[in-house]
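Pasting structure-v1.csv here (CSV, C-alpha atoms):
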chain,number,residue,atom,x,y,z
A,1,MET,CA,-1.2,-18.9,7.1
A,2,PRO,CA,0.6,-15.7,6.0
A,3,VAL,CA,2.5,-15.4,2.7
A,4,PHE,CA,6.0,-14.3,3.5
A,5,THR,CA,7.6,-12.1,0.9
A,6,GLU,CA,11.3,-11.5,1.2
A,7,ILE,CA,12.6,-8.1,0.3
A,8,ALA,CA,15.9,-8.8,-1.6
A,9,TYR,CA,18.9,-6.8,-0.5
A,10,ASP,CA,19.2,-5.1,-3.9
A,11,ARG,CA,15.6,-4.0,-3.6
A,12,PHE,CA,16.2,-2.6,-0.1
A,13,VAL,CA,19.2,-0.6,-1.3
A,14,ALA,CA,17.2,0.7,-4.3
A,15,ASP,CA,14.4,1.8,-1.9
A,16,VAL,CA,16.9,3.6,0.3
A,17,ARG,CA,18.3,5.4,-2.7
A,18,THR,CA,14.7,6.4,-3.7
A,19,LEU,CA,14.2,7.9,-0.2
A,20,ALA,CA,17.5,9.7,-0.4
A,21,ALA,CA,16.6,11.2,-3.8
A,22,GLY,CA,13.2,12.3,-2.4
A,23,ILE,CA,14.9,14.1,0.5
A,24,ALA,CA,17.4,15.7,-1.8
A,25,ALA,CA,14.7,16.9,-4.1
A,26,GLU,CA,12.8,18.7,-1.3
A,27,PRO,CA,13.7,22.4,-1.5
A,28,GLY,CA,14.1,24.2,1.8
A,29,TRP,CA,13.8,21.2,4.1
A,30,ARG,CA,16.7,19.0,5.0
A,31,PRO,CA,16.8,17.1,8.3
A,32,ASP,CA,19.5,17.8,10.9
A,33,PHE,CA,19.1,14.2,12.0
A,34,LEU,CA,17.6,10.9,10.9
A,35,ILE,CA,15.9,9.0,13.7
A,36,GLY,CA,15.8,5.2,13.2
A,37,ILE,CA,12.7,3.8,14.8
A,38,GLY,CA,13.6,0.5,16.6
A,39,ARG,CA,13.5,-2.1,15.5
A,40,GLY,CA,12.6,-2.1,11.8
A,41,GLY,CA,13.8,1.5,11.1
A,42,LEU,CA,17.3,1.1,12.5
A,43,ALA,CA,18.9,-0.5,9.4
A,44,PRO,CA,17.1,1.7,6.9
A,45,ALA,CA,18.1,4.8,8.9
A,46,VAL,CA,21.8,3.8,8.9
A,47,PHE,CA,21.8,3.1,5.2
A,48,LEU,CA,20.0,6.4,4.5
A,49,SER,CA,22.5,8.2,6.7
A,50,HIS,CA,25.3,6.9,4.5
A,51,ALA,CA,23.4,7.8,1.3
A,52,THR,CA,22.7,11.4,2.5
A,53,GLY,CA,25.5,12.2,4.9
A,54,ILE,CA,22.8,13.1,7.5
A,55,PRO,CA,23.7,11.8,11.0
A,56,THR,CA,21.6,9.1,12.6
A,57,LEU,CA,20.0,8.9,16.1
A,58,SER,CA,17.6,6.2,17.3
A,59,CYS,CA,14.5,5.7,19.3
A,60,ASP,CA,13.5,2.2,20.3
A,61,LEU,CA,9.7,1.7,20.8
A,62,SER,CA,9.9,-2.0,20.3
A,63,SER,CA,11.9,-2.5,23.5
A,64,ALA,CA,9.3,-0.9,25.7
A,65,VAL,CA,12.1,0.6,27.8
A,66,LYS,CA,11.2,4.1,28.8
A,67,GLU,CA,14.8,5.4,28.8
A,68,PHE,CA,15.2,4.4,25.1
A,69,ALA,CA,11.7,5.4,23.9
A,70,ASP,CA,9.7,8.1,25.8
A,71,ASP,CA,12.7,9.8,27.3
A,72,VAL,CA,14.4,9.9,23.9
A,73,LEU,CA,11.2,11.3,22.4
A,74,ALA,CA,11.2,14.1,25.0
A,75,ARG,CA,14.8,15.0,24.2
A,76,LEU,CA,14.1,14.9,20.4
A,77,ALA,CA,11.1,17.2,20.9
A,78,ALA,CA,13.3,19.6,22.7
A,79,ARG,CA,15.7,19.6,19.8
A,80,ALA,CA,12.8,20.3,17.4
A,81,ARG,CA,11.6,23.2,19.7
A,82,ALA,CA,15.2,24.5,19.5
A,83,GLY,CA,14.9,24.6,15.7
A,84,GLU,CA,16.3,21.3,14.5
A,85,THR,CA,14.5,19.2,11.9
A,86,LEU,CA,14.1,15.5,12.4
A,87,LEU,CA,13.3,12.8,9.9
A,88,PHE,CA,12.0,9.6,11.5
A,89,VAL,CA,12.7,6.4,9.5
A,90,ASP,CA,10.9,3.1,9.6
A,91,ASP,CA,10.6,0.1,7.4
A,92,ILE,CA,6.9,0.1,6.8
A,93,ASN,CA,3.9,2.3,7.6
A,94,ASP,CA,1.4,-0.4,7.9
A,95,SER,CA,-1.5,0.3,10.3
A,96,GLY,CA,0.0,3.7,11.1
A,97,GLY,CA,0.1,2.9,14.9
A,98,THR,CA,3.8,3.6,15.3
A,99,ILE,CA,3.8,6.8,13.4
A,100,LEU,CA,0.6,8.1,15.1
A,101,ARG,CA,2.2,7.3,18.5
A,102,LEU,CA,5.3,9.1,17.6
A,103,ARG,CA,3.5,12.2,16.2
A,104,THR,CA,1.3,12.3,19.3
A,105,SER,CA,4.2,12.0,21.8
A,106,LEU,CA,6.3,14.6,20.0
A,107,ALA,CA,3.4,17.0,19.8
A,108,ALA,CA,2.6,16.5,23.5
A,109,GLU,CA,6.2,17.4,24.2
A,110,GLY,CA,5.8,20.6,22.2
A,111,ALA,CA,7.7,19.6,19.0
A,112,PRO,CA,6.6,21.9,16.1
A,113,ALA,CA,4.9,19.6,13.5
A,114,GLU,CA,6.8,21.4,10.6
A,115,ARG,CA,10.1,20.2,12.0
A,116,ILE,CA,9.1,16.5,12.1
A,117,ARG,CA,8.8,14.3,9.1
A,118,PHE,CA,8.6,10.5,8.4
A,119,ALA,CA,10.1,8.3,5.7
A,120,VAL,CA,9.4,4.6,5.1
A,121,LEU,CA,10.5,2.0,2.7
A,122,ILE,CA,6.9,0.7,2.2
A,123,ASP,CA,3.8,2.9,2.7
A,124,ASN,CA,0.3,1.4,3.1
A,125,VAL,CA,-2.0,3.8,1.2
A,126,VAL,CA,-4.9,2.9,3.6
A,127,SER,CA,-2.9,3.5,6.8
A,128,ARG,CA,-4.2,5.7,9.5
A,129,ALA,CA,-1.0,7.7,9.4
A,130,THR,CA,0.7,9.6,6.6
A,131,VAL,CA,4.3,10.0,5.8
A,132,GLU,CA,6.2,12.6,3.8
A,133,TYR,CA,8.6,10.2,2.1
A,134,ARG,CA,8.2,6.7,0.8
A,135,ALA,CA,10.1,4.4,-1.5
A,136,ARG,CA,7.0,2.5,-2.7
A,137,THR,CA,3.3,1.9,-1.7
A,138,ILE,CA,1.0,-1.0,-1.1
A,139,ASP,CA,-2.7,-1.3,-0.5
A,140,ARG,CA,-3.4,-3.6,2.5
A,141,THR,CA,-7.0,-4.1,1.3
A,142,GLU,CA,-5.4,-6.0,-1.6
A,143,GLU,CA,-1.9,-7.0,-0.6
A,144,LYS,CA,-1.7,-9.2,2.5
A,145,ASP,CA,1.9,-10.4,2.3
A,146,TRP,CA,4.1,-10.2,5.4
A,147,PHE,CA,7.2,-8.5,4.2
A,148,VAL,CA,10.5,-9.9,5.4
A,149,PHE,CA,13.3,-7.3,5.2
A,150,PRO,CA,16.9,-8.4,4.9
A,151,TRP,CA,17.7,-8.0,8.6
A,152,GLU,CA,14.5,-10.0,9.5
A,153,ALA,CA,15.7,-12.8,7.3
A,154,MET,CA,18.1,-13.6,10.1
A,155,ALA,CA,15.3,-14.6,12.4
A,156,PRO,CA,14.1,-18.2,12.7
A,157,GLN,CA,10.9,-19.0,10.9
A,158,GLN,CA,9.1,-19.4,14.3
A,159,SER,CA,9.8,-15.8,15.1
A,160,LEU,CA,8.5,-14.6,11.7
A,161,ASP,CA,5.4,-16.7,12.3
A,162,SER,CA,4.9,-15.2,15.7
A,163,ASP,CA,5.4,-11.6,14.5
A,164,ALA,CA,2.8,-12.2,11.7
A,165,ALA,CA,0.4,-13.9,14.0
A,166,ALA,CA,0.5,-10.9,16.4
A,167,GLN,CA,-0.9,-8.7,13.6
A,168,PRO,CA,-3.7,-10.8,12.1
A,169,ALA,CA,-5.6,-7.8,10.6
A,170,ARG,CA,-2.7,-6.9,8.3
A,171,ILE,CA,-2.5,-10.3,6.7
A,172,ALA,CA,-6.1,-11.6,6.8

In structure tokens, write the structure found in this file.
Amino acid sequence: MPVFTEIAYDRFVADVRTLAAGIAAEPGWRPDFLIGIGRGGLAPAVFLSHATGIPTLSCDLSSAVKEFADDVLARLAARARAGETLLFVDDINDSGGTILRLRTSLAAEGAPAERIRFAVLIDNVVSRATVEYRARTIDRTEEKDWFVFPWEAMAPQQSLDSDAAAQPARIA
């Protein structure tokens, strides 16, 4: 049975502020847009938008609806080809699957890699993917908790159990 660790609202806000400070400290690179990755990256992207003044867009991979995922990625890649910089925001870089999928899709659409970056609240140091900005790190070889972010705390326990059970390698 997984250990569920709730992320307190104050901790979430502090993590968003850490990301905002990291972005502000980066000389010569400021995103034109934040891209919230649905579902877990939407709330952090909106909070980060308020903290930085950078507008937010979204891409929803979790819905598996092409018009809101693949089609959106093609349009975002076109924006990057035209010179805009994009910062994709997610809650956690765990296995790296989501970030690798996004990087691969954007590259296939011709998005220049130097115009695309990623930010997460929690970064797994043994993930298959890397991110440019993180609020904090974990090591999944040691820490197996299933993190429950403030927006996920609204879900019934059965949904949390189901989500965790669908990813047994992360919590085993």

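Across A:Glu109, A:Val89, A:Ala51, A:Ala119, the tightest approach to A:Ala74 is made by A:Glu109 when counting all atoms listed in the file.
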
A:Arg117 surroundings by all atoms listed in the file, 8 Å radius, close-in-sequence under 4 positions cut, as a ChimeraX atom specification
/A:86-88,113,131-132

Residue with the minimum atom-to-atom distance to A:Leu102, picked from A:Gly28, A:Gly38, A:Pro168, A:Gly22 with all atoms listed in the file counted, is A:Gly38

Got a sec: who's within 12 Å of A:Ala69, counting all atoms listed in the file, leaving out chain neighbours fewer than 3 positions off, as number ranges by chain?
A: 35-39, 57-66, 72-76, 98, 101-102, 105-106

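Closest to A:Ala20 among A:Val120, A:Ala8, A:Met1, A:Ile92 is A:Val120, based on all atoms listed in the file.
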
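Of the residues listed (A:Ala77, A:Ala155, A:Ile7, A:Ala165), A:Ile7 shows the shortest atom-to-atom separation from A:Asp91; distances use all atoms listed in the file.
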
Could you tell me how far atom CA of A:Thr85 sits from atom CA of A:Leu48, in Å to one decimal place?
15.8 Å

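Taking all atoms listed in the file into account, A:Phe149 lies nearest to A:Asp90 out of the set A:Glu84, A:Glu26, A:Glu114, A:Asp90.
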
As an exercise, work out the distance from atom CA of A:Lys144 to atom CA of A:Arg170 in Å and give it to one decimal place.
6.3 Å

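The residue that comes closest to A:Val3, out of A:Ser49, A:Gln158, A:Phe68, A:Phe147 and on the basis of only C-alpha atoms, is A:Phe147.
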
Dig up all the protein and nucleic acid residues within 7 Å of (23.1, 4.9, -0.4) in the file frame, using only C-alpha atoms, and format them as number ranges by chain.
A: 13, 16-17, 47-48, 50-51

note - atom CA of A:Tyr133 and atom CA of A:Asp163 are separated by 25.3 Å

Neighbour list for A:Ser95 as a ChimeraX atom specification, cut-off 9 Å, only C-alpha atoms, skip fewer than 6 positions in-chain
/A:124,126-129,140,170

Place N, CA, C and O atoms on stretch 75-92 of chain A and deliver the coordinates as a short mmCIF file (atom, residue, chain, number, x, y, z; two decimals), in the coordinates of the input.
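As written to disk, rebuild-v3.cif reads:
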data_model
loop_
_atom_site.label_atom_id
_atom_site.label_comp_id
_atom_site.auth_asym_id
_atom_site.auth_seq_id
_atom_site.Cartn_x
_atom_site.Cartn_y
_atom_site.Cartn_z
N ARG A 75 13.59 14.27 24.56
CA ARG A 75 14.80 15.00 24.20
C ARG A 75 14.77 15.39 22.68
O ARG A 75 15.22 16.48 22.31
N LEU A 76 14.21 14.55 21.84
CA LEU A 76 14.10 14.90 20.40
C LEU A 76 13.11 16.05 20.23
O LEU A 76 13.36 16.94 19.41
N ALA A 77 12.03 16.06 20.98
CA ALA A 77 11.10 17.20 20.90
C ALA A 77 11.75 18.48 21.31
O ALA A 77 11.51 19.52 20.70
N ALA A 78 12.60 18.42 22.32
CA ALA A 78 13.30 19.60 22.70
C ALA A 78 14.24 20.12 21.62
O ALA A 78 14.35 21.33 21.39
N ARG A 79 14.86 19.21 20.91
CA ARG A 79 15.70 19.60 19.80
C ARG A 79 14.88 20.26 18.69
O ARG A 79 15.29 21.25 18.09
N ALA A 80 13.70 19.71 18.43
CA ALA A 80 12.80 20.30 17.40
C ALA A 80 12.34 21.69 17.88
O ALA A 80 12.28 22.62 17.07
N ARG A 81 12.03 21.83 19.15
CA ARG A 81 11.60 23.20 19.70
C ARG A 81 12.76 24.16 19.53
O ARG A 81 12.53 25.35 19.32
N ALA A 82 13.99 23.67 19.60
CA ALA A 82 15.20 24.50 19.50
C ALA A 82 15.49 24.87 18.01
O ALA A 82 16.43 25.62 17.74
N GLY A 83 14.75 24.29 17.07
CA GLY A 83 14.90 24.60 15.70
C GLY A 83 15.46 23.54 14.77
O GLY A 83 15.56 23.72 13.55
N GLU A 84 15.82 22.39 15.32
CA GLU A 84 16.30 21.30 14.50
C GLU A 84 15.19 20.58 13.78
O GLU A 84 14.06 20.53 14.28
N THR A 85 15.50 20.03 12.61
CA THR A 85 14.50 19.20 11.90
C THR A 85 14.89 17.77 11.98
O THR A 85 16.07 17.40 11.91
N LEU A 86 13.87 16.93 12.13
CA LEU A 86 14.10 15.50 12.40
C LEU A 86 13.27 14.68 11.40
O LEU A 86 12.07 14.92 11.20
N LEU A 87 13.93 13.70 10.81
CA LEU A 87 13.30 12.80 9.90
C LEU A 87 13.29 11.38 10.54
O LEU A 87 14.36 10.78 10.70
N PHE A 88 12.13 10.89 10.93
CA PHE A 88 12.00 9.60 11.50
C PHE A 88 11.90 8.54 10.39
O PHE A 88 11.19 8.76 9.42
N VAL A 89 12.62 7.44 10.54
CA VAL A 89 12.70 6.40 9.50
C VAL A 89 12.24 5.09 10.03
O VAL A 89 12.67 4.64 11.11
N ASP A 90 11.35 4.44 9.27
CA ASP A 90 10.90 3.10 9.60
C ASP A 90 10.82 2.24 8.38
O ASP A 90 10.93 2.76 7.26
N ASP A 91 10.67 0.94 8.58
CA ASP A 91 10.60 0.10 7.40
C ASP A 91 9.29 0.14 6.70
O ASP A 91 9.24 0.21 5.49
N ILE A 92 8.19 0.15 7.47
CA ILE A 92 6.90 0.10 6.80
C ILE A 92 5.88 0.96 7.66
O ILE A 92 5.91 0.94 8.90
#
